[in-house]
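See below for run_36.csv, which holds CSV, C-alpha atoms and all ligand atoms.
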chain,number,residue,atom,x,y,z
A,190,MET,CA,116.7,124.4,79.3
A,191,THR,CA,117.8,128.0,78.9
A,192,ASP,CA,118.2,131.1,81.0
A,193,GLN,CA,117.3,129.5,84.3
A,194,SER,CA,116.5,132.0,86.9
A,195,THR,CA,118.0,130.4,89.9
A,196,THR,CA,121.0,128.2,90.8
A,197,ALA,CA,121.0,124.5,91.3
A,198,GLY,CA,119.5,123.1,94.5
A,199,ASP,CA,118.0,126.4,95.6
A,200,GLY,CA,115.4,125.9,98.3
A,201,LEU,CA,115.7,122.1,98.5
A,202,ARG,CA,116.8,120.6,101.8
A,203,PRO,CA,119.9,118.2,101.6
A,204,ASP,CA,117.7,115.2,102.4
A,205,GLU,CA,115.3,116.1,99.6
A,206,ILE,CA,118.2,116.4,97.1
A,207,SER,CA,119.6,113.0,98.1
A,208,ALA,CA,116.1,111.5,98.0
A,209,TYR,CA,115.6,112.6,94.4
A,210,SER,CA,119.1,111.6,93.3
A,211,ALA,CA,118.3,108.2,94.7
A,212,LEU,CA,115.1,108.1,92.5
A,213,GLU,CA,117.2,108.8,89.4
A,214,ASP,CA,119.6,106.1,90.4
A,215,ARG,CA,116.7,103.7,90.5
A,216,VAL,CA,115.7,104.6,86.9
A,217,ARG,CA,119.3,104.3,85.7
A,218,ALA,CA,119.6,100.9,87.3
A,219,GLY,CA,116.3,99.7,85.7
A,220,ALA,CA,114.7,99.1,89.1
A,221,THR,CA,111.0,98.5,89.3
A,222,MET,CA,108.4,99.5,91.9
A,223,PRO,CA,105.1,97.6,92.7
A,224,LEU,CA,101.9,99.2,91.3
A,225,THR,CA,100.1,101.1,94.1
A,226,MET,CA,96.4,101.8,93.5
A,227,ALA,CA,95.3,103.1,96.9
A,228,ALA,CA,97.0,106.1,98.4
A,229,PRO,CA,98.7,105.5,101.8
A,230,ARG,CA,96.9,106.9,104.7
A,231,ARG,CA,98.7,110.1,105.7
A,232,GLY,CA,97.8,113.3,107.4
A,233,LYS,CA,95.2,115.3,105.5
A,234,PRO,CA,95.9,118.9,104.5
A,235,PRO,CA,93.9,121.4,106.5
A,236,ARG,CA,90.4,122.2,105.2
A,237,HIS,CA,90.4,125.1,102.8
A,238,TRP,CA,87.8,127.3,101.2
A,239,LEU,CA,88.9,125.8,97.8
A,240,ASP,CA,87.8,122.4,99.0
A,241,LEU,CA,84.2,123.4,99.6
A,242,SER,CA,81.1,123.3,97.4
A,243,ARG,CA,78.8,126.3,97.3
A,244,ASP,CA,76.5,124.8,99.9
A,245,GLU,CA,79.4,123.8,102.1
A,246,ARG,CA,80.7,127.3,102.0
A,247,ARG,CA,77.4,128.7,103.2
A,248,ASP,CA,77.3,126.1,106.0
A,249,ALA,CA,80.9,126.8,106.9
A,250,VAL,CA,80.3,130.6,107.4
A,251,ARG,CA,77.2,129.9,109.4
A,252,GLY,CA,79.2,127.5,111.5
A,253,LEU,CA,81.5,130.4,112.2
A,254,GLY,CA,78.6,132.5,113.4
A,255,LEU,CA,78.6,134.7,110.2
A,256,PRO,CA,75.6,135.4,108.0
A,257,ALA,CA,75.3,133.2,104.9
A,258,PHE,CA,75.8,136.1,102.5
A,259,ARG,CA,79.4,136.3,103.7
A,260,ALA,CA,80.1,133.1,101.7
A,261,ASP,CA,79.6,134.8,98.3
A,262,GLN,CA,81.6,137.8,99.5
A,263,ILE,CA,84.5,135.5,100.4
A,264,SER,CA,84.2,133.7,97.1
A,265,ARG,CA,84.3,136.9,95.2
A,266,HIS,CA,87.7,137.8,96.8
A,267,VAL,CA,89.0,134.2,96.2
A,268,PHE,CA,87.8,133.4,92.7
A,269,GLU,CA,87.3,136.8,91.1
A,270,HIS,CA,90.3,138.6,92.6
A,271,LEU,CA,92.4,135.5,93.2
A,272,ASP,CA,93.1,136.9,96.7
A,273,LEU,CA,93.7,134.4,99.5
A,274,ASP,CA,94.7,137.0,102.1
A,275,PRO,CA,91.7,138.5,103.9
A,276,SER,CA,93.7,141.2,105.7
A,277,GLY,CA,92.8,143.6,102.9
A,278,TRP,CA,89.2,142.6,102.5
A,279,THR,CA,87.7,145.9,103.7
A,280,ASP,CA,84.1,144.8,103.2
A,281,LEU,CA,84.5,142.3,106.1
A,282,PRO,CA,84.8,143.6,109.7
A,283,ALA,CA,88.4,143.3,110.8
A,284,GLY,CA,87.7,140.7,113.5
A,285,ASP,CA,85.9,138.5,111.0
A,286,ARG,CA,88.8,138.7,108.6
A,287,THR,CA,91.1,137.0,111.1
A,288,ARG,CA,88.5,134.3,111.9
A,289,VAL,CA,87.9,133.6,108.2
A,290,ALA,CA,91.7,133.4,107.5
A,291,GLU,CA,92.2,131.0,110.4
A,292,ALA,CA,89.1,128.8,109.6
A,293,PHE,CA,89.2,128.7,105.8
A,294,LEU,CA,92.4,129.9,104.3
A,295,PRO,CA,95.4,128.1,105.7
A,296,SER,CA,98.6,128.3,103.6
A,297,LEU,CA,98.8,125.2,101.3
A,298,LEU,CA,101.7,125.7,99.0
A,299,THR,CA,105.1,127.2,99.5
A,300,SER,CA,107.2,127.9,96.4
A,301,VAL,CA,110.5,126.1,96.8
A,302,ARG,CA,112.0,127.0,93.5
A,303,PRO,CA,110.6,128.7,90.5
A,304,LEU,CA,112.5,128.0,87.2
A,305,SER,CA,111.9,130.1,84.2
A,306,CYS,CA,112.9,129.3,80.6
A,307,ASP,CA,111.9,129.9,77.0
A,308,GLY,CA,112.5,133.6,77.3
A,309,GLY,CA,110.5,133.7,80.5
A,310,THR,CA,107.4,132.2,78.9
A,311,THR,CA,107.7,128.9,80.7
A,312,LEU,CA,107.5,129.0,84.5
A,313,LYS,CA,108.0,125.8,86.4
A,314,THR,CA,107.4,125.9,90.1
A,315,LEU,CA,108.4,123.3,92.7
A,316,TRP,CA,106.0,123.5,95.7
A,317,ARG,CA,106.3,122.2,99.2
A,318,LEU,CA,103.1,121.1,100.8
A,319,PHE,CA,102.1,121.3,104.5
A,320,ASP,CA,103.6,117.9,105.3
A,321,GLY,CA,106.9,118.4,103.3
A,322,SER,CA,105.7,116.6,100.1
A,323,LEU,CA,107.0,118.2,96.9
A,324,ILE,CA,104.9,118.7,93.8
A,325,GLU,CA,105.3,120.8,90.7
A,326,SER,CA,103.3,122.9,88.2
A,327,VAL,CA,104.4,124.4,84.9
A,328,LEU,CA,102.9,127.4,83.2
A,329,MET,CA,103.6,127.8,79.5
A,330,ARG,CA,102.6,130.8,77.5
A,331,TYR,CA,102.5,130.5,73.7
A,332,GLY,CA,102.5,133.0,70.8
A,333,VAL,CA,104.1,135.9,72.7
A,334,PRO,CA,105.1,138.5,70.1
A,335,GLY,CA,108.9,139.0,70.1
A,336,VAL,CA,109.6,135.8,72.1
A,337,ARG,CA,110.5,133.2,69.5
A,338,ALA,CA,110.8,130.4,72.1
A,339,SER,CA,107.1,130.8,72.9
A,340,GLY,CA,106.1,129.5,69.5
A,341,SER,CA,103.7,130.9,67.0
A,342,GLY,CA,100.0,131.2,66.8
A,343,ARG,CA,97.5,132.9,69.1
A,344,ASN,CA,98.6,134.2,72.5
A,345,ARG,CA,97.4,131.6,75.0
A,346,ALA,CA,98.5,130.0,78.3
A,347,THR,CA,98.5,126.4,79.4
A,348,LEU,CA,99.0,125.3,83.0
A,349,CYS,CA,100.2,121.7,83.8
A,350,ILE,CA,99.3,120.7,87.3
A,351,SER,CA,100.0,117.8,89.7
A,352,SER,CA,97.2,115.7,91.2
A,353,GLN,CA,99.2,113.5,93.6
A,354,ALA,CA,102.4,113.7,95.6
A,355,GLY,CA,104.5,111.0,93.9
A,356,CYS,CA,102.8,108.4,91.8
A,357,GLY,CA,101.8,104.7,92.3
A,358,MET,CA,101.8,103.7,88.7
A,359,ALA,CA,105.4,102.6,88.7
A,360,CYS,CA,106.4,103.3,85.1
A,361,PRO,CA,110.1,102.3,85.0
A,362,PHE,CA,111.3,105.2,82.9
A,363,CYS,CA,109.9,107.8,85.3
A,364,ALA,CA,111.7,109.0,88.4
A,365,THR,CA,108.3,110.0,90.0
A,366,GLY,CA,107.1,106.5,89.5
A,367,GLN,CA,110.2,105.1,91.1
A,368,GLY,CA,109.5,107.2,94.2
A,369,GLY,CA,106.1,105.6,94.7
A,370,LEU,CA,103.0,107.3,95.9
A,371,GLN,CA,103.1,109.6,98.9
A,372,ARG,CA,99.5,110.7,99.0
A,373,ASN,CA,96.6,112.2,97.1
A,374,LEU,CA,96.3,115.9,96.9
A,375,SER,CA,93.2,117.7,98.1
A,376,ALA,CA,91.1,119.6,95.7
A,377,ALA,CA,92.3,122.8,97.4
A,378,GLU,CA,96.0,121.8,96.8
A,379,ILE,CA,95.3,121.2,93.1
A,380,LEU,CA,93.3,124.4,92.8
A,381,ALA,CA,95.9,126.4,94.6
A,382,GLN,CA,98.4,125.5,91.8
A,383,VAL,CA,95.9,127.0,89.3
A,384,MET,CA,95.3,130.1,91.4
A,385,ALA,CA,99.1,130.7,91.6
A,386,GLY,CA,99.5,130.4,87.8
A,387,ALA,CA,96.4,132.6,87.2
A,388,ARG,CA,97.9,135.3,89.5
A,389,SER,CA,101.3,135.2,87.7
A,390,LEU,CA,99.5,135.8,84.4
A,391,ARG,CA,97.1,138.4,85.7
A,392,ASP,CA,99.9,140.3,87.3
A,393,GLY,CA,102.0,140.4,84.1
A,394,GLU,CA,104.8,138.3,85.6
A,395,ILE,CA,105.0,136.3,82.3
A,396,PRO,CA,106.1,138.1,79.1
A,397,GLY,CA,103.2,139.0,76.9
A,398,GLY,CA,101.3,141.3,79.2
A,399,PRO,CA,98.5,140.5,81.7
A,400,GLY,CA,96.6,137.4,80.6
A,401,ARG,CA,94.7,134.4,81.9
A,402,VAL,CA,94.9,130.6,81.9
A,403,ASN,CA,93.2,129.2,78.8
A,404,ASN,CA,94.1,125.5,79.2
A,405,ILE,CA,94.7,123.3,82.2
A,406,VAL,CA,96.3,119.9,81.8
A,407,PHE,CA,96.4,117.3,84.6
A,408,MET,CA,99.8,116.0,83.4
A,409,GLY,CA,102.0,116.9,86.3
A,410,MET,CA,103.0,114.5,89.0
A,411,GLY,CA,100.6,111.6,89.7
A,412,GLU,CA,97.8,109.7,88.1
A,413,PRO,CA,94.8,111.9,88.2
A,414,MET,CA,92.2,109.1,87.9
A,415,ALA,CA,93.6,107.5,91.0
A,416,ASN,CA,92.5,110.7,92.9
A,417,TYR,CA,89.1,110.8,91.1
A,418,LYS,CA,87.0,112.5,93.8
A,419,ALA,CA,89.4,115.4,94.3
A,420,ILE,CA,89.8,115.8,90.5
A,421,MET,CA,86.1,116.0,90.0
A,422,ALA,CA,85.7,118.6,92.8
A,423,THR,CA,88.6,120.6,91.2
A,424,ILE,CA,87.0,120.5,87.8
A,425,ARG,CA,83.6,121.6,89.1
A,426,THR,CA,85.2,124.6,90.8
A,427,LEU,CA,87.5,125.4,87.8
A,428,THR,CA,84.4,125.5,85.6
A,429,ALA,CA,81.9,127.2,87.9
A,430,THR,CA,81.2,130.8,86.9
A,431,ALA,CA,82.5,133.5,89.2
A,432,PRO,CA,82.0,134.1,92.0
A,433,GLN,CA,81.6,130.4,92.7
A,434,GLY,CA,84.6,129.3,90.6
A,435,LEU,CA,87.2,130.3,88.2
A,436,GLY,CA,85.0,130.3,85.1
A,437,ILE,CA,87.4,128.2,82.9
A,438,SER,CA,85.9,126.4,80.0
A,439,ALA,CA,85.7,122.6,80.5
A,440,ARG,CA,86.8,122.3,76.8
A,441,GLY,CA,90.1,123.8,77.9
A,442,ILE,CA,90.7,121.1,80.5
A,443,THR,CA,92.6,117.8,79.7
A,444,VAL,CA,92.6,114.9,82.2
A,445,SER,CA,95.3,112.3,81.5
A,446,THR,CA,95.5,108.7,82.6
A,447,VAL,CA,97.9,105.9,82.2
A,448,GLY,CA,94.9,103.5,82.0
A,449,LEU,CA,92.4,103.3,84.9
A,450,VAL,CA,89.6,101.9,82.7
A,451,PRO,CA,86.8,102.1,85.3
A,452,ARG,CA,87.5,105.7,85.9
A,453,ILE,CA,87.5,106.5,82.2
A,454,ASN,CA,84.1,104.9,82.0
A,455,GLN,CA,83.0,107.0,85.0
A,456,LEU,CA,84.3,110.2,83.6
A,457,ALA,CA,82.3,109.6,80.4
A,458,THR,CA,79.1,109.8,82.5
A,459,GLU,CA,79.9,113.1,84.2
A,460,GLY,CA,78.5,115.3,81.5
A,461,LEU,CA,81.7,117.3,81.4
A,462,PRO,CA,83.2,118.1,78.0
A,463,VAL,CA,86.8,117.8,79.2
A,464,THR,CA,89.5,116.2,76.9
A,465,LEU,CA,90.7,112.8,77.8
A,466,ALA,CA,94.4,112.0,77.2
A,467,VAL,CA,95.5,108.4,77.4
A,468,SER,CA,99.2,107.7,78.0
A,469,LEU,CA,99.5,104.6,75.9
A,470,HIS,CA,103.3,104.4,75.1
A,471,ALA,CA,103.0,101.0,73.4
A,472,PRO,CA,100.4,99.3,71.2
A,473,ASP,CA,101.1,95.7,72.3
A,474,ASP,CA,100.5,94.2,75.7
A,475,GLU,CA,103.9,92.6,75.9
A,476,LEU,CA,105.8,95.9,75.8
A,477,ARG,CA,103.1,97.9,77.6
A,478,ASP,CA,103.1,95.5,80.5
A,479,GLU,CA,106.7,96.6,81.0
A,480,LEU,CA,106.4,100.3,80.3
A,481,CYS,CA,103.1,100.9,82.1
A,482,PRO,CA,102.6,98.2,84.7
A,483,ILE,CA,98.9,99.2,85.0
A,484,ASN,CA,98.5,97.3,81.7
A,485,THR,CA,98.7,94.0,83.7
A,486,ARG,CA,95.3,95.2,85.2
A,487,TRP,CA,93.6,96.6,82.1
A,488,ASN,CA,95.2,95.7,78.8
A,489,VAL,CA,95.6,97.7,75.6
A,490,ALA,CA,92.3,96.5,74.0
A,491,GLU,CA,90.3,97.3,77.2
A,492,LEU,CA,92.0,100.7,77.5
A,493,VAL,CA,91.4,101.7,73.8
A,494,ASP,CA,87.8,100.5,74.1
A,495,ALA,CA,87.2,102.7,77.1
A,496,ALA,CA,88.9,105.6,75.4
A,497,HIS,CA,86.7,105.2,72.3
A,498,GLY,CA,83.7,104.9,74.6
A,499,TYR,CA,84.7,108.2,76.0
A,500,PHE,CA,84.7,109.7,72.6
A,501,VAL,CA,81.3,108.2,71.8
A,502,ALA,CA,79.8,109.6,75.0
A,503,THR,CA,81.3,113.1,74.8
A,504,LYS,CA,82.2,113.6,71.1
A,505,ARG,CA,85.5,114.9,72.4
A,506,ARG,CA,88.5,113.7,70.4
A,507,VAL,CA,90.8,111.6,72.6
A,508,SER,CA,94.6,112.4,72.8
A,509,ILE,CA,96.8,109.4,72.7
A,510,GLU,CA,100.1,110.2,74.4
A,511,TYR,CA,103.1,108.1,73.2
A,512,ALA,CA,106.6,108.8,74.6
A,513,LEU,CA,109.1,107.8,71.9
A,514,ILE,CA,111.8,105.8,73.6
A,515,ARG,CA,114.9,104.8,71.6
A,516,ASP,CA,114.8,101.2,70.3
A,517,VAL,CA,112.1,100.4,72.8
A,518,ASN,CA,108.8,101.5,71.2
A,519,ASP,CA,109.8,103.6,68.2
A,520,GLN,CA,110.0,101.0,65.4
A,521,VAL,CA,108.0,101.6,62.2
A,522,GLU,CA,106.2,98.2,62.8
A,523,ARG,CA,104.9,99.5,66.1
A,524,ALA,CA,103.6,102.6,64.4
A,525,GLY,CA,101.6,100.3,62.1
A,526,LEU,CA,100.4,98.3,65.1
A,527,LEU,CA,99.4,101.5,66.8
A,528,ALA,CA,97.3,102.6,63.8
A,529,ASP,CA,95.7,99.1,63.8
A,530,VAL,CA,94.9,99.2,67.5
A,531,LEU,CA,93.4,102.7,67.3
A,532,ARG,CA,91.2,102.0,64.3
A,533,ARG,CA,87.5,102.2,65.1
A,534,ASP,CA,84.6,102.2,62.7
A,535,GLY,CA,87.1,101.9,59.9
A,536,GLY,CA,89.0,105.1,60.7
A,537,HIS,CA,90.9,107.2,63.2
A,538,GLY,CA,88.8,110.4,63.4
A,539,TRP,CA,88.2,109.9,67.1
A,540,VAL,CA,91.9,110.2,68.1
A,541,HIS,CA,94.9,112.4,67.9
A,542,VAL,CA,98.3,110.9,68.6
A,543,ASN,CA,100.8,113.1,70.5
A,544,LEU,CA,104.4,111.8,70.2
A,545,ILE,CA,106.5,113.0,73.0
A,546,PRO,CA,110.3,112.9,72.7
A,547,LEU,CA,111.3,111.3,76.0
A,548,ASN,CA,113.0,113.6,78.5
A,549,PRO,CA,115.6,111.0,79.6
A,550,THR,CA,117.1,110.4,83.0
A,551,PRO,CA,120.8,110.8,82.2
A,552,GLY,CA,122.6,107.4,82.2
A,553,SER,CA,119.4,105.3,82.0
A,554,LYS,CA,118.5,103.0,79.2
A,555,TRP,CA,115.3,105.0,78.6
A,556,THR,CA,116.3,107.7,76.2
A,557,ALA,CA,114.9,109.8,73.4
A,558,SER,CA,114.5,108.3,69.9
A,559,ARG,CA,116.8,109.3,67.1
A,560,ARG,CA,115.4,112.0,64.8
A,561,ARG,CA,115.3,109.7,61.8
A,562,ASP,CA,113.3,107.0,63.8
A,563,GLU,CA,110.9,109.7,65.0
A,564,THR,CA,110.4,110.9,61.4
A,565,ALA,CA,109.8,107.4,60.2
A,566,PHE,CA,107.3,106.7,63.0
A,567,VAL,CA,105.3,109.9,62.2
A,568,ALA,CA,105.3,109.0,58.4
A,569,ALA,CA,104.0,105.5,59.1
A,570,LEU,CA,101.1,106.9,61.2
A,571,GLU,CA,100.3,109.6,58.6
A,572,ARG,CA,100.3,107.0,55.8
A,573,ARG,CA,97.6,105.2,57.7
A,574,GLY,CA,95.5,108.3,58.2
A,575,VAL,CA,96.3,108.9,61.9
A,576,ALA,CA,96.4,112.6,63.0
A,577,VAL,CA,99.8,113.0,64.7
A,578,THR,CA,101.8,115.8,66.3
A,579,VAL,CA,105.3,115.7,67.8
A,580,ARG,CA,105.4,117.8,71.0
A,581,ASP,CA,107.7,120.9,70.8
A,582,THR,CA,110.7,121.0,73.0
A,583,ARG,CA,108.9,122.9,75.7
A,584,GLY,CA,106.6,120.0,76.1
A,585,ARG,CA,109.6,117.8,76.0
A,586,GLU,CA,111.0,119.4,79.1
A,587,ILE,CA,107.9,118.7,81.2
A,588,ASP,CA,106.0,115.9,79.6
A,589,GLY,CA,108.6,113.2,78.8
A,590,ALA,CA,107.7,111.5,82.0
A,591,CYS,CA,105.2,113.5,83.9
A,592,GLY,CA,106.4,114.8,87.2
A,593,GLN,CA,110.1,115.1,86.5
A,594,LEU,CA,110.8,118.6,87.7
A,595,ALA,CA,111.5,117.5,91.3
A,596,ALA,CA,114.0,115.0,90.1
A,597,SER,CA,115.6,117.2,87.6
A,598,VAL,CA,116.1,120.0,90.1
A,599,ALA,CA,118.2,117.7,92.2
A,600,ALA,CA,120.2,116.5,89.3
A,601,GLU,CA,121.3,119.8,88.0
B,1,LIG,S1,104.9,108.4,83.8
B,1,LIG,FE1,103.2,109.4,84.8
B,1,LIG,S2,101.8,107.7,85.4
B,1,LIG,FE2,103.8,106.8,85.0
B,1,LIG,S3,104.8,106.7,87.0
B,1,LIG,FE3,105.4,108.7,86.0
B,1,LIG,S4,103.9,110.2,86.8
B,1,LIG,FE4,103.0,108.1,87.2

Just give me the structure of the file as structure tokens.
Amino acid sequence: MTDQSTTAGDGLRPDEISAYSALEDRVRAGATMPLTMAAPRRGKPPRHWLDLSRDERRDAVRGLGLPAFRADQISRHVFEHLDLDPSGWTDLPAGDRTRVAEAFLPSLLTSVRPLSCDGGTTLKTLWRLFDGSLIESVLMRYGVPGVRASGSGRNRATLCISSQAGCGMACPFCATGQGGLQRNLSAAEILAQVMAGARSLRDGEIPGGPGRVNNIVFMGMGEPMANYKAIMATIRTLTATAPQGLGISARGITVSTVGLVPRINQLATEGLPVTLAVSLHAPDDELRDELCPINTRWNVAELVDAAHGYFVATKRRVSIEYALIRDVNDQVERAGLLADVLRRDGGHGWVHVNLIPLNPTPGSKWTASRRRDETAFVAALERRGVAVTVRDTRGREIDGACGQLAASVAAE
């Protein structure tokens, strides 16, 4: 990472720093966690305007003794102007502003530590939630003229968001997985990450001039499909046109999963043209059982069948995420096996493989592949006609093992 904007440990409490150091120690020691499917019962975040559907918003304002038309007024401030502070909403009587703030707009996220890199075009934020849980989001702007680190191509912005505090999927190479699952995020807590990123772009805080979020990827902390209801509510609000939502195209949204097959099947029936990303990481059950313990529940064949079913139902090409881990899953033979496993109807036109150079936990056995092995892996896939991309180094910083910012902040 380059030109970080703050110093190590800023904003984190000593107990949080030692907790995250302990998670990294677990990864180094090769410790394993049990798989956790159901979120522990913990205090729920306060109800927020962002949690509600259009009908619920109307009912909610009526419940406060206000006329129903106030609901659309509030939504215009929230979704069109990205404004969550009613104190300046002059079209509402002053007394009503206070009541609306108290009833519907509690503070959900507190920025603990923003980190900026890549010439300011990558902004990572560590957030503290109402109960002290920590999550992260990452905003990446591409194609900014004059900023080489932002890459080439069209000027666009992608936001990577968290769906859970912690993660119950127990992948052994991932510090988040070694911390276990704290709780599901509410739809409002997920949407609030998007609103914060959208405000930063709109207000010109990211080089490249005022802009907007083009792509949203559910690849931060957590397994999105394990928090399905909140994810669906989030996507419905993201894609609703203003003033009922943020008006973001469903085609710009990517939902990732490490392999919750029934939820993939369910997503295929929602009628939403979002992209599905499957974190496969190994083409054979023996290795995948180790890398992604969820594989002991739904194996590679079942997972790839479900992913292909998603393609058939939606006509959206599926992304296959594959973290390249040195001497673990990066052999040329495994590339061949991966191509075999992904072949459907005689070809690979339904998938795109994203190879991710692992962002390693220092001192652990899980580390990034050698460059020559990476090159050979790519060539083996291409020879078999598989579309493949190696993530750039920006992606590497955040995607190697989803949800690593909290751990890496403590380790700096
Ligand atoms: S790699 Fe992703 S799915 Fe696996 S434990 Fe980490 S956050 Fe969860």

What are the closest atom pairs, with distances in Å to one decimal, for all residues of segment 221-332 of chain A lying within 7 Å of segment 382-396 of chain A? Consider all atoms listed in the file, order rows by chain and residue number, and present the result as CSV.
residue,atom,partner,partner_atom,distance
A:Leu271,CA,A:Met384,CA,6.4
A:Gly309,CA,A:Ile395,CA,6.3
A:Thr310,CA,A:Ile395,CA,5.8
A:Ser326,CA,A:Gln382,CA,6.6
A:Leu328,CA,A:Gly386,CA,6.5

| request: Residues within 8 Å of ligand LIG 1 (chain B) should be enumerated using only C-alpha atoms and all ligand atoms and returned as a list of chain:residue names. | output: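 Sorted by chain and then by number, the residues are A:Gly355, A:Cys356, A:Gly357, A:Met358, A:Ala359, A:Cys360, A:Pro361, A:Phe362, A:Cys363, A:Ala364, A:Thr365, A:Gly366, A:Gln367, A:Gly369, A:Met408, A:Gly409, A:Met410, A:Gly411, A:Glu412, A:Thr446, A:Val447, A:Ser468, A:Cys481, A:Gly589, A:Ala590, A:Cys591, A:Gly592, A:Gln593.
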
So that I have them on file, write out the residues from the current selection with C-alpha atoms, as a PDB file, in the frame of the given file.
ATOM      1  CA  GLY A 355     104.500 111.000  93.900  1.00  0.00           C
ATOM      2  CA  CYS A 356     102.800 108.400  91.800  1.00  0.00           C
ATOM      3  CA  GLY A 357     101.800 104.700  92.300  1.00  0.00           C
ATOM      4  CA  MET A 358     101.800 103.700  88.700  1.00  0.00           C
ATOM      5  CA  ALA A 359     105.400 102.600  88.700  1.00  0.00           C
ATOM      6  CA  CYS A 360     106.400 103.300  85.100  1.00  0.00           C
ATOM      7  CA  PRO A 361     110.100 102.300  85.000  1.00  0.00           C
ATOM      8  CA  PHE A 362     111.300 105.200  82.900  1.00  0.00           C
ATOM      9  CA  CYS A 363     109.900 107.800  85.300  1.00  0.00           C
ATOM     10  CA  ALA A 364     111.700 109.000  88.400  1.00  0.00           C
ATOM     11  CA  THR A 365     108.300 110.000  90.000  1.00  0.00           C
ATOM     12  CA  GLY A 366     107.100 106.500  89.500  1.00  0.00           C
ATOM     13  CA  GLN A 367     110.200 105.100  91.100  1.00  0.00           C
ATOM     14  CA  GLY A 369     106.100 105.600  94.700  1.00  0.00           C
ATOM     15  CA  MET A 408      99.800 116.000  83.400  1.00  0.00           C
ATOM     16  CA  GLY A 409     102.000 116.900  86.300  1.00  0.00           C
ATOM     17  CA  MET A 410     103.000 114.500  89.000  1.00  0.00           C
ATOM     18  CA  GLY A 411     100.600 111.600  89.700  1.00  0.00           C
ATOM     19  CA  GLU A 412      97.800 109.700  88.100  1.00  0.00           C
ATOM     20  CA  THR A 446      95.500 108.700  82.600  1.00  0.00           C
ATOM     21  CA  VAL A 447      97.900 105.900  82.200  1.00  0.00           C
ATOM     22  CA  SER A 468      99.200 107.700  78.000  1.00  0.00           C
ATOM     23  CA  CYS A 481     103.100 100.900  82.100  1.00  0.00           C
ATOM     24  CA  GLY A 589     108.600 113.200  78.800  1.00  0.00           C
ATOM     25  CA  ALA A 590     107.700 111.500  82.000  1.00  0.00           C
ATOM     26  CA  CYS A 591     105.200 113.500  83.900  1.00  0.00           C
ATOM     27  CA  GLY A 592     106.400 114.800  87.200  1.00  0.00           C
ATOM     28  CA  GLN A 593     110.100 115.100  86.500  1.00  0.00           C
TER      29      GLN A 593
END

| field | Ser341 of chain A environment, 10 Å, all atoms listed in the file, sequence neighbours closer than 6 positions dropped, as JSON, numbers by chain | value | {"A": [331, 332, 333, 334]}

| request: List every protein, DNA or RNA residue that has an atom no more than 12 Å from (97.2, 112.1, 74.6) in the file's coordinate frame, counting all atoms listed in the file, and report them as a count of residues only. | output: 38

| message | From the options A:Ile453, A:Asp519, A:Leu513, A:Asp529, which residue's atoms come nearest to Pro546 of chain A, counting all atoms listed in the file? | response |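 Once distances to Pro546 of chain A are computed over all atoms listed in the file, the minimum belongs to A:Leu513.
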
| message | Which residues are close to segment 551-566 of chain A, i.e. within 8 Å by only C-alpha atoms, leaving aside same-chain residues fewer than 5 positions away? Reply as number ranges by chain. | response | A: 216-219, 362, 513-516, 519-521, 524, 546

Selection above as a file: C-alpha atoms, as a PDB file, in the coordinates of the input:
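Final output, out21.pdb:
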ATOM      1  CA  VAL A 216     115.700 104.600  86.900  1.00  0.00           C
ATOM      2  CA  ARG A 217     119.300 104.300  85.700  1.00  0.00           C
ATOM      3  CA  ALA A 218     119.600 100.900  87.300  1.00  0.00           C
ATOM      4  CA  GLY A 219     116.300  99.700  85.700  1.00  0.00           C
ATOM      5  CA  PHE A 362     111.300 105.200  82.900  1.00  0.00           C
ATOM      6  CA  LEU A 513     109.100 107.800  71.900  1.00  0.00           C
ATOM      7  CA  ILE A 514     111.800 105.800  73.600  1.00  0.00           C
ATOM      8  CA  ARG A 515     114.900 104.800  71.600  1.00  0.00           C
ATOM      9  CA  ASP A 516     114.800 101.200  70.300  1.00  0.00           C
ATOM     10  CA  ASP A 519     109.800 103.600  68.200  1.00  0.00           C
ATOM     11  CA  GLN A 520     110.000 101.000  65.400  1.00  0.00           C
ATOM     12  CA  VAL A 521     108.000 101.600  62.200  1.00  0.00           C
ATOM     13  CA  ALA A 524     103.600 102.600  64.400  1.00  0.00           C
ATOM     14  CA  PRO A 546     110.300 112.900  72.700  1.00  0.00           C
TER      15      PRO A 546
END

Excluding Thr311 of chain A and any residue of its chain fewer than 6 positions from it, enumerate the residues within 10 Å of it, using only C-alpha atoms, and give them as a PDB file with C-alpha atoms, keeping the file's coordinate frame.
ATOM      1  CA  LEU A 304     112.500 128.000  87.200  1.00  0.00           C
ATOM      2  CA  SER A 305     111.900 130.100  84.200  1.00  0.00           C
ATOM      3  CA  VAL A 327     104.400 124.400  84.900  1.00  0.00           C
ATOM      4  CA  LEU A 328     102.900 127.400  83.200  1.00  0.00           C
ATOM      5  CA  MET A 329     103.600 127.800  79.500  1.00  0.00           C
ATOM      6  CA  ARG A 330     102.600 130.800  77.500  1.00  0.00           C
ATOM      7  CA  TYR A 331     102.500 130.500  73.700  1.00  0.00           C
ATOM      8  CA  ALA A 338     110.800 130.400  72.100  1.00  0.00           C
ATOM      9  CA  SER A 339     107.100 130.800  72.900  1.00  0.00           C
ATOM     10  CA  ALA A 346      98.500 130.000  78.300  1.00  0.00           C
ATOM     11  CA  THR A 347      98.500 126.400  79.400  1.00  0.00           C
ATOM     12  CA  LEU A 348      99.000 125.300  83.000  1.00  0.00           C
ATOM     13  CA  ILE A 395     105.000 136.300  82.300  1.00  0.00           C
ATOM     14  CA  PRO A 396     106.100 138.100  79.100  1.00  0.00           C
ATOM     15  CA  ARG A 583     108.900 122.900  75.700  1.00  0.00           C
TER      16      ARG A 583
END
